[in-house]
Amino acid sequence: DVEHEANIKIPYQYKSIVNCAKQNSTFCAISKQAIEELKKCFTDITLKTEYIPCTIYGGFHPIKNLEVLKSIFFKYSKKTLKLNSISKLNYILNVGTVEPRKNLKTLIKAYRLLRSTKGQLSNLKLVLVSSHTFLNSNFFSQYKSDIENEDIIILNGVETDELSYLYSHAKCFVYPSFMEGFGLPPIEAMACGCPVVSSDIEVHREIQGVAALYANPYDVNDFVEKITQVLTSKEVAEQMSELGIKQADQYSSQNNLKRWVSFLENVLVEANI
């Protein structure tokens with residue numbers, strides 16, 4: 001998972017990779033884009049590479065239960081929520097870490113614009129699932145009023161088995177990253193039947209295919225437009241849900257096991273074992 005610019009070489013890691021390359025080692029990468037980035041960093045040596053994508057956890061599937069959803073919101077929110085009715089909760093979702101490359105500022109700006117419209121989007125919530133860190137607290141302090149008004153709801157440390165409910169009930173999953181090595185949360189959302197809007201970067205196009213809508217990560221209005229398409233068109237949302245479930249299946253443990261077996265068999269043949 002190469003997330004450094006091509007001209008940045010971390011001394012220890014660089015030396016280790018060079019040594020492995022000299023021993024004719026094969027480097028497995030989670031995306032074809034990661035392979036290209038790796039080659040950019042090591043233009044002076046020949047690298048043997050193999051593409052084997054991330055494996056999605058088998059527990060992700062469409063599942064809706066309002067009582068369980070309610071318990072998750074109250075369990076992981078920092079304070080007692082004043083939500084009048086969980087059955088009327090209308091929200092878009094993001095799952096991930098809080099760091100600059102995740103581009104959460106663009107997501108929040110887009111969300112605020114969506115809420116400023118009249119009609120069904122005026123009651124829209126933004127649910128952010130992450131781990132509780134000092135960095136999170138520092139970042140979210142600038143959105144204090146949104147959080148106090150429960151427009152933005154932060155859920156820290158949600159268990160993997162509980163994420164399916166959040167994905168399944170969300171109207172849309174939004175992933176505006178500037179850079180990713182693979183981007184697993186959008187695939188998890190797809191597996192649960194949730195429509196996905198992602199940043200238009202090469203690795204997202206590679207991994208998510210035709211199952212997502214794409215927006216320029218530097219253009220807030222583009223995200224507003226694409227999210228609006230999902231939220232206001234039942235036909236678009238249903239089509240994306242169907243495509244997403246099929247796309248996510250490509251990264252199932254069953255399919256990835258075949259990739260690993262094939263790769264390891266080839267390694268044994270090359271080693272004359």
# chains A, B, ... in the order shown; residues from 1 in each chain; ligands from 1
call {"tool": "residues_around", "arguments": {"residues": "Asp146 in chain A", "least_positions_apart": "4", "cutoff": "12 Å", "atoms": "only C-alpha atoms", "output": "list in words"}}
result
Ile108, Lys109, Tyr111, Arg112, Arg115, Leu124, Lys125, Leu126, Val127, Phe140, Ser141, Gln142, Glu150, Asp151, Ile152, Ile153 and Ile154 of chain A
call {"tool": "write_last_selection", "arguments": {"atoms": "N, CA, C and O atoms", "output": "compact mmCIF listing (two decimals), in the first residue's frame"}}
result
# COMPACT_ATOMS: atom_id res chain seq x y z
N ILE A 108 -17.97 17.47 4.77
CA ILE A 108 -18.79 18.28 5.68
C ILE A 108 -19.33 19.52 4.97
O ILE A 108 -20.48 19.92 5.18
N LYS A 109 -18.52 20.14 4.12
CA LYS A 109 -18.99 21.29 3.34
C LYS A 109 -20.14 20.87 2.42
O LYS A 109 -21.14 21.59 2.30
N TYR A 111 -22.13 18.35 2.85
CA TYR A 111 -23.28 18.03 3.71
C TYR A 111 -24.04 19.29 4.11
O TYR A 111 -25.28 19.34 4.06
N ARG A 112 -23.31 20.32 4.48
CA ARG A 112 -23.95 21.58 4.89
C ARG A 112 -24.74 22.19 3.73
O ARG A 112 -25.83 22.74 3.94
N ARG A 115 -27.99 20.21 3.33
CA ARG A 115 -28.97 20.55 4.37
C ARG A 115 -29.61 21.91 4.15
O ARG A 115 -30.71 22.17 4.64
N LEU A 124 -31.50 15.92 6.72
CA LEU A 124 -30.42 14.96 6.54
C LEU A 124 -29.38 15.04 7.66
O LEU A 124 -29.02 16.13 8.11
N LYS A 125 -28.91 13.89 8.11
CA LYS A 125 -27.83 13.80 9.10
C LYS A 125 -26.57 13.28 8.43
O LYS A 125 -26.62 12.59 7.41
N LEU A 126 -25.43 13.62 9.01
CA LEU A 126 -24.15 13.07 8.57
C LEU A 126 -23.59 12.24 9.72
O LEU A 126 -23.34 12.75 10.80
N VAL A 127 -23.42 10.95 9.49
CA VAL A 127 -22.89 10.05 10.51
C VAL A 127 -21.45 9.69 10.16
O VAL A 127 -21.18 9.21 9.06
N PHE A 140 -12.83 17.72 15.11
CA PHE A 140 -14.27 17.94 15.23
C PHE A 140 -14.64 19.15 16.08
O PHE A 140 -15.80 19.58 16.07
N SER A 141 -13.67 19.71 16.80
CA SER A 141 -13.96 20.88 17.63
C SER A 141 -14.44 22.06 16.78
O SER A 141 -15.19 22.93 17.25
N GLN A 142 -14.04 22.10 15.51
CA GLN A 142 -14.45 23.20 14.62
C GLN A 142 -15.89 23.04 14.13
O GLN A 142 -16.43 23.94 13.49
N GLU A 150 -26.91 17.78 16.64
CA GLU A 150 -27.10 16.42 16.13
C GLU A 150 -27.31 16.40 14.62
O GLU A 150 -27.98 15.51 14.08
N ASP A 151 -26.74 17.39 13.94
CA ASP A 151 -26.71 17.34 12.48
C ASP A 151 -25.59 16.40 12.05
O ASP A 151 -25.75 15.59 11.14
N ILE A 152 -24.45 16.52 12.73
CA ILE A 152 -23.35 15.58 12.55
C ILE A 152 -23.31 14.68 13.78
O ILE A 152 -23.24 15.15 14.92
N ILE A 153 -23.36 13.38 13.54
CA ILE A 153 -23.34 12.40 14.64
C ILE A 153 -22.06 11.59 14.53
O ILE A 153 -21.79 10.97 13.50
N ILE A 154 -21.27 11.59 15.59
CA ILE A 154 -19.99 10.89 15.60
C ILE A 154 -20.12 9.62 16.44
O ILE A 154 -20.53 9.67 17.60
call {"tool": "select_by_dssp", "arguments": {"residues": "range 29-251 of chain A", "states": "strand (DSSP E or B)", "output": "PyMOL selection string"}}
result
chain A and resi 29+48-51+91-95+125-130+152-156+172-175+196-199+212-215
call {"tool": "select_by_dssp", "arguments": {"residues": "range 171-273 of chain A", "states": "alpha helix (DSSP H)", "output": "ChimeraX atom specification"}}
result
/A:184-191,202-208,220-232,234-249,253-270
call {"tool": "write_last_selection", "arguments": {"atoms": "C-alpha atoms", "output": "compact mmCIF listing (two decimals), in the first residue's frame"}}
result
# COMPACT_ATOMS: atom_id res chain seq x y z
CA LEU A 184 -12.17 -0.94 1.90
CA PRO A 185 -15.14 0.93 3.50
CA PRO A 186 -16.87 1.68 0.17
CA ILE A 187 -16.74 -2.03 -0.71
CA GLU A 188 -18.15 -2.89 2.73
CA ALA A 189 -20.98 -0.42 2.08
CA MET A 190 -21.64 -1.96 -1.33
CA ALA A 191 -21.83 -5.44 0.20
CA GLU A 202 -7.67 6.11 -10.12
CA VAL A 203 -7.71 3.45 -7.41
CA HIS A 204 -11.42 4.03 -6.69
CA ARG A 205 -12.25 3.60 -10.38
CA GLU A 206 -10.21 0.39 -10.37
CA ILE A 207 -11.72 -1.15 -7.24
CA GLN A 208 -15.30 0.14 -7.29
CA VAL A 220 -17.62 20.38 -3.19
CA ASN A 221 -20.42 21.12 -5.65
CA ASP A 222 -19.63 17.97 -7.61
CA PHE A 223 -20.12 15.92 -4.44
CA VAL A 224 -23.37 17.75 -3.73
CA GLU A 225 -24.61 16.92 -7.23
CA LYS A 226 -23.70 13.21 -7.05
CA ILE A 227 -25.08 12.71 -3.52
CA THR A 228 -28.29 14.48 -4.55
CA GLN A 229 -28.70 12.06 -7.46
CA VAL A 230 -28.69 9.15 -5.02
CA LEU A 231 -30.91 10.78 -2.40
CA THR A 232 -33.59 12.06 -4.77
CA LYS A 234 -35.16 5.87 -6.02
CA GLU A 235 -34.27 4.34 -9.39
CA VAL A 236 -30.62 5.49 -9.16
CA ALA A 237 -30.30 4.30 -5.56
CA GLU A 238 -31.75 0.86 -6.33
CA GLN A 239 -29.57 0.39 -9.40
CA MET A 240 -26.43 1.36 -7.47
CA SER A 241 -27.39 -0.98 -4.64
CA GLU A 242 -27.66 -3.93 -7.04
CA LEU A 243 -24.41 -3.08 -8.82
CA GLY A 244 -22.64 -2.60 -5.51
CA ILE A 245 -23.53 -6.02 -4.16
CA LYS A 246 -22.16 -7.64 -7.32
CA GLN A 247 -19.00 -5.51 -7.21
CA ALA A 248 -18.30 -6.35 -3.57
CA ASP A 249 -18.56 -10.06 -4.30
CA SER A 253 -12.88 -14.60 0.83
CA GLN A 254 -13.84 -17.35 -1.61
CA ASN A 255 -12.66 -15.39 -4.64
CA ASN A 256 -9.50 -14.13 -2.97
CA LEU A 257 -8.62 -17.61 -1.75
CA LYS A 258 -8.47 -18.69 -5.40
CA ARG A 259 -6.10 -15.79 -6.13
CA TRP A 260 -3.80 -16.72 -3.24
CA VAL A 261 -3.76 -20.42 -4.14
CA SER A 262 -2.90 -19.64 -7.75
CA PHE A 263 -0.14 -17.24 -6.69
CA LEU A 264 1.42 -19.65 -4.19
CA GLU A 265 1.28 -22.53 -6.68
CA ASN A 266 3.22 -20.40 -9.16
CA VAL A 267 5.78 -19.53 -6.47
CA LEU A 268 6.34 -23.21 -5.72
CA VAL A 269 6.73 -24.01 -9.42
CA GLU A 270 9.31 -21.23 -9.86
call {"tool": "residues_around", "arguments": {"residues": "Ile72 in chain A", "least_positions_apart": "4", "cutoff": "8 Å", "atoms": "only C-alpha atoms", "output": "list in words"}}
result
Val68, Tyr76, Val158 and Glu162 of chain A
call {"tool": "write_last_selection", "arguments": {"atoms": "C-alpha atoms", "output": "PDB file, in the first residue's frame"}}
result
ATOM      1  CA  VAL A  68     -30.465  -2.713  16.704  1.00  0.00           C
ATOM      2  CA  TYR A  76     -21.347   4.738  20.585  1.00  0.00           C
ATOM      3  CA  VAL A 158     -18.094   0.715  16.332  1.00  0.00           C
ATOM      4  CA  GLU A 162     -22.381  -3.722  13.959  1.00  0.00           C
TER       5      GLU A 162
END
call {"tool": "atom_distance", "arguments": {"atom1": "CA of Ser199 in chain A", "atom2": "CA of Lys39 in chain A"}}
result
23.6 Å
call {"tool": "residues_around", "arguments": {"residues": "Lys64 in chain A", "least_positions_apart": "5", "cutoff": "8 Å", "atoms": "only C-alpha atoms", "output": "list in words"}}
result
Leu69, Tyr165, Ser168 and His169 of chain A
call {"tool": "write_last_selection", "arguments": {"atoms": "N, CA and C atoms", "output": "PDB file, in the first residue's frame"}}
result
ATOM      1  N   LEU A  69     -30.270  -0.772  15.240  1.00  0.00           N
ATOM      2  CA  LEU A  69     -29.685   0.488  14.795  1.00  0.00           C
ATOM      3  C   LEU A  69     -29.745   1.533  15.909  1.00  0.00           C
ATOM      4  N   TYR A 165     -25.317  -2.812  10.027  1.00  0.00           N
ATOM      5  CA  TYR A 165     -26.583  -2.106  10.262  1.00  0.00           C
ATOM      6  C   TYR A 165     -26.472  -0.641   9.836  1.00  0.00           C
ATOM      7  N   SER A 168     -26.343  -0.563   6.001  1.00  0.00           N
ATOM      8  CA  SER A 168     -27.608  -0.978   5.389  1.00  0.00           C
ATOM      9  C   SER A 168     -28.699   0.087   5.498  1.00  0.00           C
ATOM     10  N   HIS A 169     -28.700   0.842   6.590  1.00  0.00           N
ATOM     11  CA  HIS A 169     -29.730   1.866   6.790  1.00  0.00           C
ATOM     12  C   HIS A 169     -29.358   3.217   6.182  1.00  0.00           C
TER      13      HIS A 169
END
call {"tool": "atom_distance", "arguments": {"atom1": "CA of Ala29 in chain A", "atom2": "CA of Lys102 in chain A"}}
result
20.7 Å
call {"tool": "closest_residue", "arguments": {"among": "A:Pro176, A:Pro53, A:Gly119, A:Gly193", "to": "Pro100 in chain A", "atoms": "only C-alpha atoms"}}
result
A:Pro176
call {"tool": "closest_residue", "arguments": {"among": "A:Leu47, A:Leu38, A:Leu163, A:Met179", "to": "Gly59 in chain A", "atoms": "only C-alpha atoms"}}
result
A:Leu163
call {"tool": "atom_distance", "arguments": {"atom1": "CA of Val95 in chain A", "atom2": "CA of Tyr175 in chain A"}}
result
8.1 Å
call {"tool": "closest_residue", "arguments": {"among": "A:Ala271, A:Leu107, A:Leu114, A:Leu121", "to": "Asn24 in chain A", "atoms": "only C-alpha atoms"}}
result
A:Ala271
call {"tool": "residues_around", "arguments": {"residues": "Cys172 in chain A", "least_positions_apart": "6", "cutoff": "7 Å", "atoms": "only C-alpha atoms", "output": "ChimeraX atom specification"}}
result
/A:92-93,194-196,230
call {"tool": "closest_residue", "arguments": {"among": "A:Arg101, A:Gly58, A:Ser130, A:Ala110", "to": "Gln250 in chain A", "atoms": "only C-alpha atoms"}}
result
A:Gly58
